[in-house]
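Shown next: work_2.cif, given as mmCIF, C-alpha atoms.
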```cif
data_structure
loop_
_atom_site.group_PDB
_atom_site.id
_atom_site.type_symbol
_atom_site.label_atom_id
_atom_site.label_comp_id
_atom_site.auth_asym_id
_atom_site.auth_seq_id
_atom_site.Cartn_x
_atom_site.Cartn_y
_atom_site.Cartn_z
ATOM 1 C CA MET R 445 -62.233 2.716 10.553
ATOM 2 C CA LEU R 446 -59.096 4.408 11.846
ATOM 3 C CA SER R 447 -58.268 1.339 13.905
ATOM 4 C CA GLN R 448 -58.552 -0.828 10.827
ATOM 5 C CA ASP R 449 -56.257 1.527 8.853
ATOM 6 C CA LEU R 450 -53.638 1.395 11.608
ATOM 7 C CA LYS R 451 -53.850 -2.371 11.732
ATOM 8 C CA SER R 452 -53.485 -2.485 7.944
ATOM 9 C CA LEU R 453 -50.499 -0.147 8.031
ATOM 10 C CA LYS R 454 -48.889 -2.118 10.840
ATOM 11 C CA GLY R 455 -49.437 -5.324 8.941
ATOM 12 C CA HIS R 456 -47.946 -3.792 5.844
ATOM 13 C CA VAL R 457 -44.843 -2.668 7.736
ATOM 14 C CA GLU R 458 -44.432 -6.074 9.336
ATOM 15 C CA TRP R 459 -44.816 -7.667 5.918
ATOM 16 C CA LEU R 460 -42.092 -5.462 4.476
ATOM 17 C CA GLN R 461 -39.784 -6.139 7.410
ATOM 18 C CA SER R 462 -40.283 -9.858 7.005
ATOM 19 C CA ILE R 463 -39.316 -9.602 3.335
ATOM 20 C CA VAL R 464 -36.105 -7.656 3.966
ATOM 21 C CA GLN R 465 -35.011 -10.353 6.407
ATOM 22 C CA PHE R 466 -34.120 -12.469 3.379
ATOM 23 C CA VAL R 467 -32.688 -9.983 0.863
ATOM 24 C CA PRO R 468 -28.873 -10.128 0.425
ATOM 25 C CA ILE R 469 -28.507 -6.333 0.658
ATOM 26 C CA GLY R 470 -28.302 -4.610 4.019
ATOM 27 C CA VAL R 471 -31.439 -2.617 4.815
ATOM 28 C CA PHE R 472 -31.812 -0.143 7.659
ATOM 29 C CA GLN R 473 -34.063 2.558 9.064
ATOM 30 C CA ILE R 474 -32.939 5.699 10.895
ATOM 31 C CA ASP R 475 -35.078 8.046 12.958
ATOM 32 C CA GLY R 476 -35.019 11.838 13.116
ATOM 33 C CA ASP R 477 -32.195 11.731 15.676
ATOM 34 C CA ASP R 478 -29.936 9.826 13.260
ATOM 35 C CA LYS R 479 -30.258 6.604 15.280
ATOM 36 C CA TYR R 480 -30.789 3.140 13.878
ATOM 37 C CA THR R 481 -34.287 1.816 14.535
ATOM 38 C CA PHE R 482 -34.091 -1.224 12.297
ATOM 39 C CA VAL R 483 -31.456 -3.286 10.471
ATOM 40 C CA ASN R 484 -31.886 -6.562 8.632
ATOM 41 C CA PRO R 485 -29.665 -9.684 8.870
ATOM 42 C CA ALA R 486 -27.757 -8.746 5.693
ATOM 43 C CA TRP R 487 -26.797 -5.416 7.283
ATOM 44 C CA GLU R 488 -25.635 -7.303 10.391
ATOM 45 C CA PHE R 489 -23.540 -9.612 8.231
ATOM 46 C CA ILE R 490 -21.952 -6.778 6.235
ATOM 47 C CA THR R 491 -21.069 -4.704 9.310
ATOM 48 C CA GLY R 492 -20.533 -7.539 11.782
ATOM 49 C CA CYS R 493 -22.774 -5.605 14.174
ATOM 50 C CA SER R 494 -25.830 -7.219 15.746
ATOM 51 C CA LEU R 495 -29.304 -5.703 15.724
ATOM 52 C CA THR R 496 -29.331 -5.186 19.499
ATOM 53 C CA ARG R 497 -25.955 -3.459 19.340
ATOM 54 C CA ALA R 498 -26.951 -1.258 16.385
ATOM 55 C CA LEU R 499 -30.283 -0.004 17.725
ATOM 56 C CA GLY R 500 -29.991 3.479 19.143
ATOM 57 C CA THR R 501 -26.520 4.150 17.773
ATOM 58 C CA ASN R 502 -25.608 6.872 15.263
ATOM 59 C CA TRP R 503 -25.696 5.725 11.654
ATOM 60 C CA TRP R 504 -22.204 7.061 10.865
ATOM 61 C CA GLU R 505 -20.417 5.029 13.531
ATOM 62 C CA VAL R 506 -19.820 2.174 11.094
ATOM 63 C CA VAL R 507 -18.409 4.521 8.430
ATOM 64 C CA HIS R 508 -14.619 4.666 8.194
ATOM 65 C CA PRO R 509 -13.352 7.885 9.867
ATOM 66 C CA ASP R 510 -11.465 8.890 6.711
ATOM 67 C CA ASP R 511 -14.679 8.683 4.671
ATOM 68 C CA GLN R 512 -17.103 10.296 7.114
ATOM 69 C CA ASN R 513 -16.707 13.846 5.767
ATOM 70 C CA LEU R 514 -17.343 12.589 2.257
ATOM 71 C CA VAL R 515 -20.503 10.800 3.343
ATOM 72 C CA PHE R 516 -21.679 13.736 5.490
ATOM 73 C CA ASN R 517 -21.346 16.119 2.531
ATOM 74 C CA HIS R 518 -23.241 13.825 0.165
ATOM 75 C CA TRP R 519 -25.824 13.123 2.868
ATOM 76 C CA ALA R 520 -26.447 16.815 3.567
ATOM 77 C CA GLN R 521 -26.702 17.650 -0.132
ATOM 78 C CA ALA R 522 -29.110 14.798 -0.841
ATOM 79 C CA GLU R 523 -31.270 15.701 2.133
ATOM 80 C CA ALA R 524 -31.348 19.383 1.163
ATOM 81 C CA ASP R 525 -32.300 18.535 -2.420
ATOM 82 C CA GLY R 526 -34.804 15.905 -1.335
ATOM 83 C CA LYS R 527 -33.025 13.367 -3.495
ATOM 84 C CA GLU R 528 -31.755 9.865 -2.968
ATOM 85 C CA LEU R 529 -28.251 9.538 -1.533
ATOM 86 C CA LEU R 530 -25.849 7.302 -3.443
ATOM 87 C CA VAL R 531 -22.222 7.141 -2.337
ATOM 88 C CA ASP R 532 -19.434 4.566 -2.149
ATOM 89 C CA CYS R 533 -17.477 4.525 1.088
ATOM 90 C CA ARG R 534 -15.601 2.282 3.470
ATOM 91 C CA ILE R 535 -16.928 0.865 6.715
ATOM 92 C CA ILE R 536 -15.138 -0.730 9.647
ATOM 93 C CA LYS R 537 -16.655 -3.971 10.815
ATOM 94 C CA VAL R 538 -16.771 -4.922 14.464
ATOM 95 C CA ASN R 539 -13.735 -7.161 13.909
ATOM 96 C CA LYS R 540 -11.835 -4.108 12.490
ATOM 97 C CA GLU R 541 -12.030 -5.425 8.922
ATOM 98 C CA ILE R 542 -12.453 -2.677 6.320
ATOM 99 C CA ARG R 543 -15.042 -3.195 3.586
ATOM 100 C CA TRP R 544 -16.291 -1.096 0.695
ATOM 101 C CA VAL R 545 -20.049 -0.493 0.531
ATOM 102 C CA ARG R 546 -22.503 1.348 -1.687
ATOM 103 C CA LEU R 547 -24.736 3.413 0.568
ATOM 104 C CA GLN R 548 -28.187 4.466 -0.598
ATOM 105 C CA THR R 549 -30.840 6.319 1.381
ATOM 106 C CA ASN R 550 -34.239 7.931 0.920
ATOM 107 C CA PHE R 551 -35.436 10.801 3.106
ATOM 108 C CA LEU R 552 -39.125 10.765 4.028
ATOM 109 C CA PHE R 553 -40.983 13.460 5.931
ATOM 110 C CA ASP R 554 -44.456 13.187 7.494
ATOM 111 C CA ASP R 555 -46.364 14.516 10.483
ATOM 112 C CA SER R 556 -44.263 12.414 12.819
ATOM 113 C CA GLY R 557 -40.999 13.896 11.511
ATOM 114 C CA LYS R 558 -38.121 12.589 9.390
ATOM 115 C CA LYS R 559 -37.553 8.959 8.562
ATOM 116 C CA ILE R 560 -34.662 7.578 6.623
ATOM 117 C CA PHE R 561 -34.667 4.256 4.846
ATOM 118 C CA GLY R 562 -31.505 2.960 3.288
ATOM 119 C CA SER R 563 -29.540 0.075 1.919
ATOM 120 C CA MET R 564 -25.926 -1.008 2.153
ATOM 121 C CA GLU R 565 -24.383 -3.249 -0.506
ATOM 122 C CA ASP R 566 -20.970 -4.838 -0.061
ATOM 123 C CA ILE R 567 -18.946 -3.890 -3.165
ATOM 124 C CA THR R 568 -15.498 -4.779 -1.791
ATOM 125 C CA LYS R 569 -14.806 -7.359 -4.488
ATOM 126 C CA ASN R 570 -15.718 -4.957 -7.274
ATOM 127 C CA LYS R 571 -13.676 -2.169 -5.713
ATOM 128 C CA LEU R 572 -10.616 -4.381 -5.293
ATOM 129 C CA GLU R 573 -10.922 -5.607 -8.854
ATOM 130 C CA ALA R 574 -11.219 -2.009 -10.064
ATOM 131 C CA LEU R 575 -8.193 -0.970 -8.005
ATOM 132 C CA GLU R 576 -6.208 -3.919 -9.342
ATOM 133 C CA LYS R 577 -7.174 -2.906 -12.857
ATOM 134 C CA GLU R 578 -6.145 0.699 -12.204
ATOM 135 C CA ASN R 579 -2.837 -0.455 -10.719
ATOM 136 C CA LEU R 580 -2.234 -2.742 -13.679
ATOM 137 C CA ILE R 581 -2.955 0.081 -16.123
ATOM 138 C CA ALA R 582 -0.594 2.347 -14.164
ATOM 139 C CA GLU R 583 2.110 -0.328 -14.195
ATOM 140 C CA LEU R 584 1.670 -0.910 -17.933
ATOM 141 C CA TYR R 585 1.846 2.835 -18.542
ATOM 142 C CA GLU R 586 5.059 3.021 -16.510
ATOM 143 C CA VAL R 587 6.539 0.068 -18.399
ATOM 144 C CA LYS R 588 5.595 1.732 -21.705
ATOM 145 C CA LYS R 589 7.161 4.962 -20.502
ATOM 146 C CA GLN R 590 10.362 3.172 -19.480
ATOM 147 C CA LEU R 591 10.486 1.324 -22.813
ATOM 148 C CA GLU R 592 10.147 4.621 -24.648
ATOM 149 C CA ILE R 593 12.981 6.082 -22.579
ATOM 150 C CA THR R 594 15.110 2.961 -23.113
ATOM 151 C CA SER R 595 14.522 3.043 -26.852
ATOM 152 C CA ARG R 596 16.036 6.551 -26.920
ATOM 153 C CA THR R 597 18.879 5.961 -24.435
ATOM 154 C CA ASP R 598 22.320 4.471 -24.948
ATOM 155 C CA PRO R 599 22.630 1.686 -22.338
ATOM 156 C CA LEU R 600 26.374 2.144 -21.810
ATOM 157 C CA THR R 601 26.655 5.911 -21.340
ATOM 158 C CA ASN R 602 23.033 6.742 -20.400
ATOM 159 C CA LEU R 603 23.127 9.523 -22.962
ATOM 160 C CA LEU R 604 20.547 9.827 -25.721
ATOM 161 C CA ASN R 605 21.139 7.381 -28.545
ATOM 162 C CA ARG R 606 20.995 8.171 -32.267
ATOM 163 C CA ARG R 607 17.205 7.730 -32.424
ATOM 164 C CA GLY R 608 16.653 10.032 -29.456
ATOM 165 C CA MET R 609 18.915 12.701 -30.929
ATOM 166 C CA GLU R 610 17.267 12.525 -34.353
ATOM 167 C CA GLU R 611 13.948 13.408 -32.713
ATOM 168 C CA LYS R 612 15.574 16.363 -30.911
ATOM 169 C CA LEU R 613 17.165 17.545 -34.156
ATOM 170 C CA ILE R 614 13.856 17.498 -36.033
ATOM 171 C CA SER R 615 12.185 19.403 -33.187
ATOM 172 C CA GLU R 616 14.979 22.001 -33.071
ATOM 173 C CA ALA R 617 14.906 22.443 -36.859
ATOM 174 C CA ASP R 618 11.153 23.091 -36.695
ATOM 175 C CA ARG R 619 11.711 25.596 -33.898
ATOM 176 C CA MET R 620 14.388 27.341 -35.969
ATOM 177 C CA GLU R 621 11.943 27.712 -38.863
ATOM 178 C CA ARG R 622 9.472 29.426 -36.542
ATOM 179 C CA SER R 623 11.874 31.602 -34.548
ATOM 180 C CA ASN R 624 14.790 32.111 -36.971
ATOM 181 C CA LYS R 625 17.160 31.245 -34.109
ATOM 182 C CA ILE R 626 19.935 29.089 -35.498
ATOM 183 C CA PHE R 627 21.640 26.184 -33.786
ATOM 184 C CA SER R 628 24.977 24.451 -34.092
ATOM 185 C CA LEU R 629 26.232 20.878 -33.993
ATOM 186 C CA ILE R 630 29.462 19.479 -32.590
ATOM 187 C CA LEU R 631 30.492 16.015 -33.707
ATOM 188 C CA CYS R 632 33.225 14.495 -31.494
ATOM 189 C CA ASP R 633 35.320 11.388 -31.979
ATOM 190 C CA ILE R 634 37.717 9.766 -29.492
ATOM 191 C CA ASP R 635 41.166 9.679 -31.062
ATOM 192 C CA PHE R 636 42.844 6.289 -31.523
ATOM 193 C CA PHE R 637 40.018 4.522 -29.745
ATOM 194 C CA LYS R 638 40.817 1.243 -31.484
ATOM 195 C CA LYS R 639 44.220 1.243 -29.771
ATOM 196 C CA VAL R 640 42.487 1.444 -26.378
ATOM 197 C CA ASN R 641 40.524 -1.712 -27.172
ATOM 198 C CA ASP R 642 43.581 -3.453 -28.654
ATOM 199 C CA ASN R 643 45.980 -2.537 -25.836
ATOM 200 C CA TYR R 644 43.716 -2.702 -22.784
ATOM 201 C CA GLY R 645 40.672 -4.739 -23.852
ATOM 202 C CA HIS R 646 37.065 -3.927 -24.634
ATOM 203 C CA ASP R 647 36.216 -3.445 -20.945
ATOM 204 C CA ALA R 648 38.713 -0.598 -20.914
ATOM 205 C CA GLY R 649 37.111 0.759 -24.082
ATOM 206 C CA ASP R 650 33.688 0.750 -22.435
ATOM 207 C CA TYR R 651 35.187 2.430 -19.373
ATOM 208 C CA ILE R 652 36.693 5.189 -21.507
ATOM 209 C CA LEU R 653 33.436 5.710 -23.376
ATOM 210 C CA THR R 654 31.524 6.175 -20.123
ATOM 211 C CA LYS R 655 34.149 8.555 -18.689
ATOM 212 C CA VAL R 656 34.315 10.700 -21.819
ATOM 213 C CA ALA R 657 30.509 10.757 -22.003
ATOM 214 C CA LYS R 658 30.347 12.043 -18.429
ATOM 215 C CA THR R 659 32.945 14.720 -19.159
ATOM 216 C CA ILE R 660 31.131 15.954 -22.261
ATOM 217 C CA ASP R 661 27.802 15.951 -20.438
ATOM 218 C CA LYS R 662 29.280 17.701 -17.393
ATOM 219 C CA TYR R 663 30.981 20.550 -19.260
ATOM 220 C CA SER R 664 28.325 21.158 -21.893
ATOM 221 C CA ARG R 665 25.663 23.726 -21.113
ATOM 222 C CA LYS R 666 22.323 22.985 -19.488
ATOM 223 C CA GLN R 667 20.400 23.679 -22.703
ATOM 224 C CA ASP R 668 22.641 21.486 -24.858
ATOM 225 C CA VAL R 669 21.620 17.992 -25.906
ATOM 226 C CA VAL R 670 24.317 15.307 -25.874
ATOM 227 C CA CYS R 671 24.105 11.876 -27.459
ATOM 228 C CA ARG R 672 26.244 8.904 -28.300
ATOM 229 C CA TRP R 673 25.987 9.080 -32.054
ATOM 230 C CA GLY R 674 27.578 5.698 -32.615
ATOM 231 C CA GLY R 675 30.750 3.810 -31.686
ATOM 232 C CA GLU R 676 33.149 6.348 -30.190
ATOM 233 C CA GLU R 677 31.343 9.364 -31.670
ATOM 234 C CA PHE R 678 29.301 11.900 -29.712
ATOM 235 C CA LEU R 679 26.996 14.535 -31.161
ATOM 236 C CA LEU R 680 26.025 17.752 -29.388
ATOM 237 C CA LEU R 681 23.048 19.902 -30.321
ATOM 238 C CA LEU R 682 23.542 23.524 -29.247
ATOM 239 C CA PRO R 683 20.220 25.444 -29.396
ATOM 240 C CA GLU R 684 20.317 29.155 -30.304
ATOM 241 C CA THR R 685 24.098 29.021 -30.694
ATOM 242 C CA GLU R 686 26.084 30.551 -33.516
ATOM 243 C CA LEU R 687 29.442 29.317 -34.771
ATOM 244 C CA ASP R 688 31.631 31.312 -32.365
ATOM 245 C CA GLY R 689 29.772 29.987 -29.335
ATOM 246 C CA ALA R 690 30.004 26.428 -30.628
ATOM 247 C CA VAL R 691 33.767 26.774 -31.209
ATOM 248 C CA ALA R 692 34.264 28.076 -27.669
ATOM 249 C CA LEU R 693 32.387 25.157 -26.139
ATOM 250 C CA ALA R 694 34.123 22.616 -28.382
ATOM 251 C CA GLU R 695 37.516 23.933 -27.367
ATOM 252 C CA LYS R 696 36.533 23.759 -23.699
ATOM 253 C CA LEU R 697 35.485 20.117 -24.104
ATOM 254 C CA ARG R 698 38.653 19.266 -26.001
ATOM 255 C CA ILE R 699 40.842 20.675 -23.225
ATOM 256 C CA GLN R 700 38.881 18.954 -20.435
ATOM 257 C CA VAL R 701 39.158 15.545 -22.102
ATOM 258 C CA GLU R 702 42.856 16.033 -22.878
ATOM 259 C CA GLU R 703 43.680 16.978 -19.284
ATOM 260 C CA GLU R 704 41.906 14.036 -17.668
ATOM 261 C CA VAL R 705 43.882 10.943 -16.713
ATOM 262 C CA HIS R 706 41.874 7.729 -16.767
ATOM 263 C CA VAL R 707 43.025 4.812 -14.638
ATOM 264 C CA PHE R 708 41.796 1.360 -15.594
ATOM 265 C CA LYS R 709 43.175 -1.610 -13.640
ATOM 266 C CA SER R 710 46.181 0.437 -12.566
ATOM 267 C CA GLN R 711 46.853 1.486 -16.160
ATOM 268 C CA LYS R 712 46.861 5.193 -17.001
ATOM 269 C CA ILE R 713 45.064 5.977 -20.229
ATOM 270 C CA TYR R 714 45.221 9.372 -21.910
ATOM 271 C CA ILE R 715 42.470 10.373 -24.304
ATOM 272 C CA THR R 716 41.982 13.208 -26.786
ATOM 273 C CA LEU R 717 39.056 14.322 -28.911
ATOM 274 C CA SER R 718 38.764 15.556 -32.460
ATOM 275 C CA LEU R 719 35.750 17.795 -33.057
ATOM 276 C CA GLY R 720 33.937 19.039 -36.117
ATOM 277 C CA ILE R 721 31.416 21.891 -36.007
ATOM 278 C CA ALA R 722 28.629 22.978 -38.309
ATOM 279 C CA CYS R 723 26.063 25.733 -37.972
ATOM 280 C CA MET R 724 22.536 25.094 -39.231
ATOM 281 C CA GLU R 725 21.599 27.525 -41.959
ATOM 282 C CA LYS R 726 18.157 28.775 -42.929
ATOM 283 C CA GLY R 727 16.556 26.332 -45.340
ATOM 284 C CA GLN R 728 19.219 23.704 -44.779
ATOM 285 C CA LYS R 729 18.305 20.089 -44.089
ATOM 286 C CA VAL R 730 19.386 18.555 -40.785
ATOM 287 C CA ASN R 731 21.197 15.697 -42.525
ATOM 288 C CA SER R 732 23.147 18.219 -44.570
ATOM 289 C CA CYS R 733 24.266 20.009 -41.403
ATOM 290 C CA ILE R 734 25.327 16.712 -39.800
ATOM 291 C CA LYS R 735 27.281 15.795 -42.937
ATOM 292 C CA LYS R 736 29.063 19.136 -42.799
ATOM 293 C CA ALA R 737 30.027 18.561 -39.157
ATOM 294 C CA ASP R 738 31.245 15.091 -40.136
ATOM 295 C CA LEU R 739 33.421 16.541 -42.916
ATOM 296 C CA HIS R 740 34.938 18.986 -40.430
ATOM 297 C CA LEU R 741 35.551 16.111 -38.006
ATOM 298 C CA TYR R 742 37.300 14.202 -40.785
ATOM 299 C CA ALA R 743 39.417 17.294 -41.458
ATOM 300 C CA ALA R 744 40.370 17.430 -37.755
ATOM 301 C CA LYS R 745 41.579 13.836 -38.005
ATOM 302 C CA GLU R 746 43.539 14.642 -41.134
ATOM 303 C CA ARG R 747 45.201 17.650 -39.507
ATOM 304 C CA GLY R 748 46.625 15.627 -36.652
ATOM 305 C CA ARG R 749 43.678 15.018 -34.254
ATOM 306 C CA ASN R 750 42.961 16.686 -30.881
ATOM 307 C CA ILE R 751 41.796 19.859 -32.615
ATOM 308 C CA VAL R 752 38.534 21.667 -33.401
ATOM 309 C CA VAL R 753 37.600 22.352 -37.032
ATOM 310 C CA SER R 754 34.699 24.666 -37.842
ATOM 311 C CA SER R 755 35.296 25.649 -41.467
ATOM 312 C CA ASP R 756 36.422 24.191 -44.761
ATOM 313 C CA LYS R 757 39.617 26.255 -44.748
#
```
Starting from the coordinates I provided, produce the structure as structure tokens.
Amino acid sequence: MLSQDLKSLKGHVEWLQSIVQFVPIGVFQIDGDDKYTFVNPAWEFITGCSLTRALGTNWWEVVHPDDQNLVFNHWAQAEADGKELLVDCRIIKVNKEIRWVRLQTNFLFDDSGKKIFGSMEDITKNKLEALEKENLIAELYEVKKQLEITSRTDPLTNLLNRRGMEEKLISEADRMERSNKIFSLILCDIDFFKKVNDNYGHDAGDYILTKVAKTIDKYSRKQDVVCRWGGEEFLLLLPETELDGAVALAEKLRIQVEEEVHVFKSQKIYITLSLGIACMEKGQKVNSCIKKADLHLYAAKERGRNIVVSSDK
């Protein structure tokens, strides 16, 4: 009876092994010493390793060295829990080619010890497609991010543009409502800018705009926000700054611009700024504060230019 049972079991095993010869997924068996005792043709194809070469070797030798710790940890956890192992990892084929596989194993224990049956499915194509998709999404996100930055940046001076500054102004006004910390605005205009374009050309005008923008940005404070408001106008947002502080900074900027000598195609060009200041008041609208700074800028022009005006007097 026992002999018949053994023959039946042996026949059953041989039947199963004959079936797995034709399945497209790699199938293998490992003994209690972690050595391969059986691999099917699909496993040989996936790994590039022959049956005779695989038998008696450690199962992890085909696993990529960088992924072995990952697989070991999953393997140990699955074995301890008596559950099926399922992990994606890389293998190195005999020809040094790297492939992605999905590794699955079952741990069986009987009187003869531990036996491990597993499968190995080549998922390289799926992995590469997933990576390409992830890379594409990352690239699209970066493009979107750059477009958002570009939409808020003046292309000539690399300062914020009007749209970018309007967002900052709304945010600062909201912050002022919460904290009661006022802010000030400085509206600057390059004096006689039209004469620069008329006398030296529009390239010279662009050159002057970029130089003045750099000067304003350089000598403003770290917390200040500078933008090209339009044409030859620049607007500065000064957080948590009262009128006296804004006047001091405006005067500093005026002097720096006046003292600089710009050379364009061997021509020396001298530039001055007129500046109007307004301090945001509690309950005031942002547009109202900007209009007040604009009126003070207009007054600076009327009073002879190259001056700072901060009041209606």
Can you list, as a PDB file with C-alpha atoms, keeping the file's coordinate frame, the residues that the PyMOL selection byres ((chain R and resi 487-502) around 6) selects here?
```
ATOM      1  CA  GLY R 470     -28.302  -4.610   4.019  1.00  0.00           C
ATOM      2  CA  VAL R 471     -31.439  -2.617   4.815  1.00  0.00           C
ATOM      3  CA  ASP R 478     -29.936   9.826  13.260  1.00  0.00           C
ATOM      4  CA  LYS R 479     -30.258   6.604  15.280  1.00  0.00           C
ATOM      5  CA  TYR R 480     -30.789   3.140  13.878  1.00  0.00           C
ATOM      6  CA  THR R 481     -34.287   1.816  14.535  1.00  0.00           C
ATOM      7  CA  ASN R 484     -31.886  -6.562   8.632  1.00  0.00           C
ATOM      8  CA  PRO R 485     -29.665  -9.684   8.870  1.00  0.00           C
ATOM      9  CA  ALA R 486     -27.757  -8.746   5.693  1.00  0.00           C
ATOM     10  CA  TRP R 503     -25.696   5.725  11.654  1.00  0.00           C
ATOM     11  CA  TRP R 504     -22.204   7.061  10.865  1.00  0.00           C
ATOM     12  CA  GLU R 505     -20.417   5.029  13.531  1.00  0.00           C
ATOM     13  CA  LYS R 537     -16.655  -3.971  10.815  1.00  0.00           C
ATOM     14  CA  VAL R 538     -16.771  -4.922  14.464  1.00  0.00           C
TER      15      VAL R 538
END
```
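For the atom pair formed by atom CA of Thr601 of chain R and atom CA of Leu613 of chain R, the distance is 19.7 Å, given to one decimal.
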Subject >> atom CA of Leu629 of chain R to atom CA of Thr594 of chain R, distance in Å rounded to a single decimal >> reply: 23.7 Å
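Every protein or nucleic acid residue with an atom no more than 12 Å from Ala692 of chain R, counting all atoms listed in the file and leaving out same-chain residues fewer than 2 positions away, appears here: Ser628, Ile630, Tyr663, Ser664, Arg665, Leu682, Thr685, Glu686, Leu687, Asp688, Gly689, Ala690, Ala694, Glu695, Lys696, Leu697, Arg698, Ile699, Leu719, Ile721, Val752, Val753 and Ser754 of chain R.
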Subject >> Among listed residues R:Leu631, R:Ile652, R:Val707, R:Leu529, nearest Val670 of chain R (using only C-alpha atoms) >> reply: R:Leu631
Subject >> Counting all atoms listed in the file, the residue of R:Glu541, R:Asp633, R:Glu586, R:Asp661 that sits nearest Val506 of chain R >> reply: R:Glu541
**OP:** Please indicate the distance in Å from atom CA of Gly727 of chain R to atom CA of Leu741 of chain R, rounded to one decimal place.
**Re:** 22.8 Å
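What the PyMOL selection byres ((chain R and resi 546) around 6) grabs from this file is Val531, Asp532, Val545, Leu547, Met564 and Glu565 of chain R.
Counting all atoms listed in the file, segment 674-676 of chain R has the following residues at most 9 Å away, ignoring those fewer than 4 positions along the same chain: Asn605, Arg606, Cys632, Asp633, Ile634, Asp635, Phe637 and Leu653 of chain R.
With distances restricted to all atoms listed in the file, R:Val730 is the closest residue to Lys612 of chain R from R:Tyr585, R:Lys712, R:Ile542, R:Val730.
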**OP:** Between R:Lys709, R:Asn570, R:Gln473, R:Ala524, single out the one closest to Gly645 of chain R, counting only C-alpha atoms.
**Re:** R:Lys709
Applied to the shown file, which residues does the PyMOL selection byres ((chain R and resi 518) around 12) return, written as an mmCIF file with C-alpha atoms, in the coordinates of the input?
```cif
data_model
loop_
_atom_site.group_PDB
_atom_site.id
_atom_site.type_symbol
_atom_site.label_atom_id
_atom_site.label_comp_id
_atom_site.auth_asym_id
_atom_site.auth_seq_id
_atom_site.Cartn_x
_atom_site.Cartn_y
_atom_site.Cartn_z
ATOM 1 C CA ASP R 511 -14.679 8.683 4.671
ATOM 2 C CA GLN R 512 -17.103 10.296 7.114
ATOM 3 C CA ASN R 513 -16.707 13.846 5.767
ATOM 4 C CA LEU R 514 -17.343 12.589 2.257
ATOM 5 C CA VAL R 515 -20.503 10.800 3.343
ATOM 6 C CA PHE R 516 -21.679 13.736 5.490
ATOM 7 C CA ASN R 517 -21.346 16.119 2.531
ATOM 8 C CA TRP R 519 -25.824 13.123 2.868
ATOM 9 C CA ALA R 520 -26.447 16.815 3.567
ATOM 10 C CA GLN R 521 -26.702 17.650 -0.132
ATOM 11 C CA ALA R 522 -29.110 14.798 -0.841
ATOM 12 C CA GLU R 523 -31.270 15.701 2.133
ATOM 13 C CA ALA R 524 -31.348 19.383 1.163
ATOM 14 C CA ASP R 525 -32.300 18.535 -2.420
ATOM 15 C CA GLY R 526 -34.804 15.905 -1.335
ATOM 16 C CA LYS R 527 -33.025 13.367 -3.495
ATOM 17 C CA GLU R 528 -31.755 9.865 -2.968
ATOM 18 C CA LEU R 529 -28.251 9.538 -1.533
ATOM 19 C CA LEU R 530 -25.849 7.302 -3.443
ATOM 20 C CA VAL R 531 -22.222 7.141 -2.337
ATOM 21 C CA ASP R 532 -19.434 4.566 -2.149
ATOM 22 C CA CYS R 533 -17.477 4.525 1.088
ATOM 23 C CA LEU R 547 -24.736 3.413 0.568
ATOM 24 C CA GLN R 548 -28.187 4.466 -0.598
ATOM 25 C CA THR R 549 -30.840 6.319 1.381
#
```
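Counting all atoms listed in the file, the residue from R:Ser595, R:Gln667, R:Asn641, R:Thr654 that sits nearest to Glu616 of chain R is R:Gln667.
With only C-alpha atoms as the atoms that count, the minimum distance from Leu679 of chain R to the choices R:Val701, R:Gly608, R:Arg749, R:Ala617 is reached by R:Gly608.
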**OP:** Taking (34.3, 7.6, -21.3) in the file's own coordinates, collect the residues within 12 Å, counting all atoms listed in the file, and hand them back as a ChimeraX atom specification.
**Re:** /R:600-603,633-634,637,640,647-662,672,675-678,701,704-708,713-717
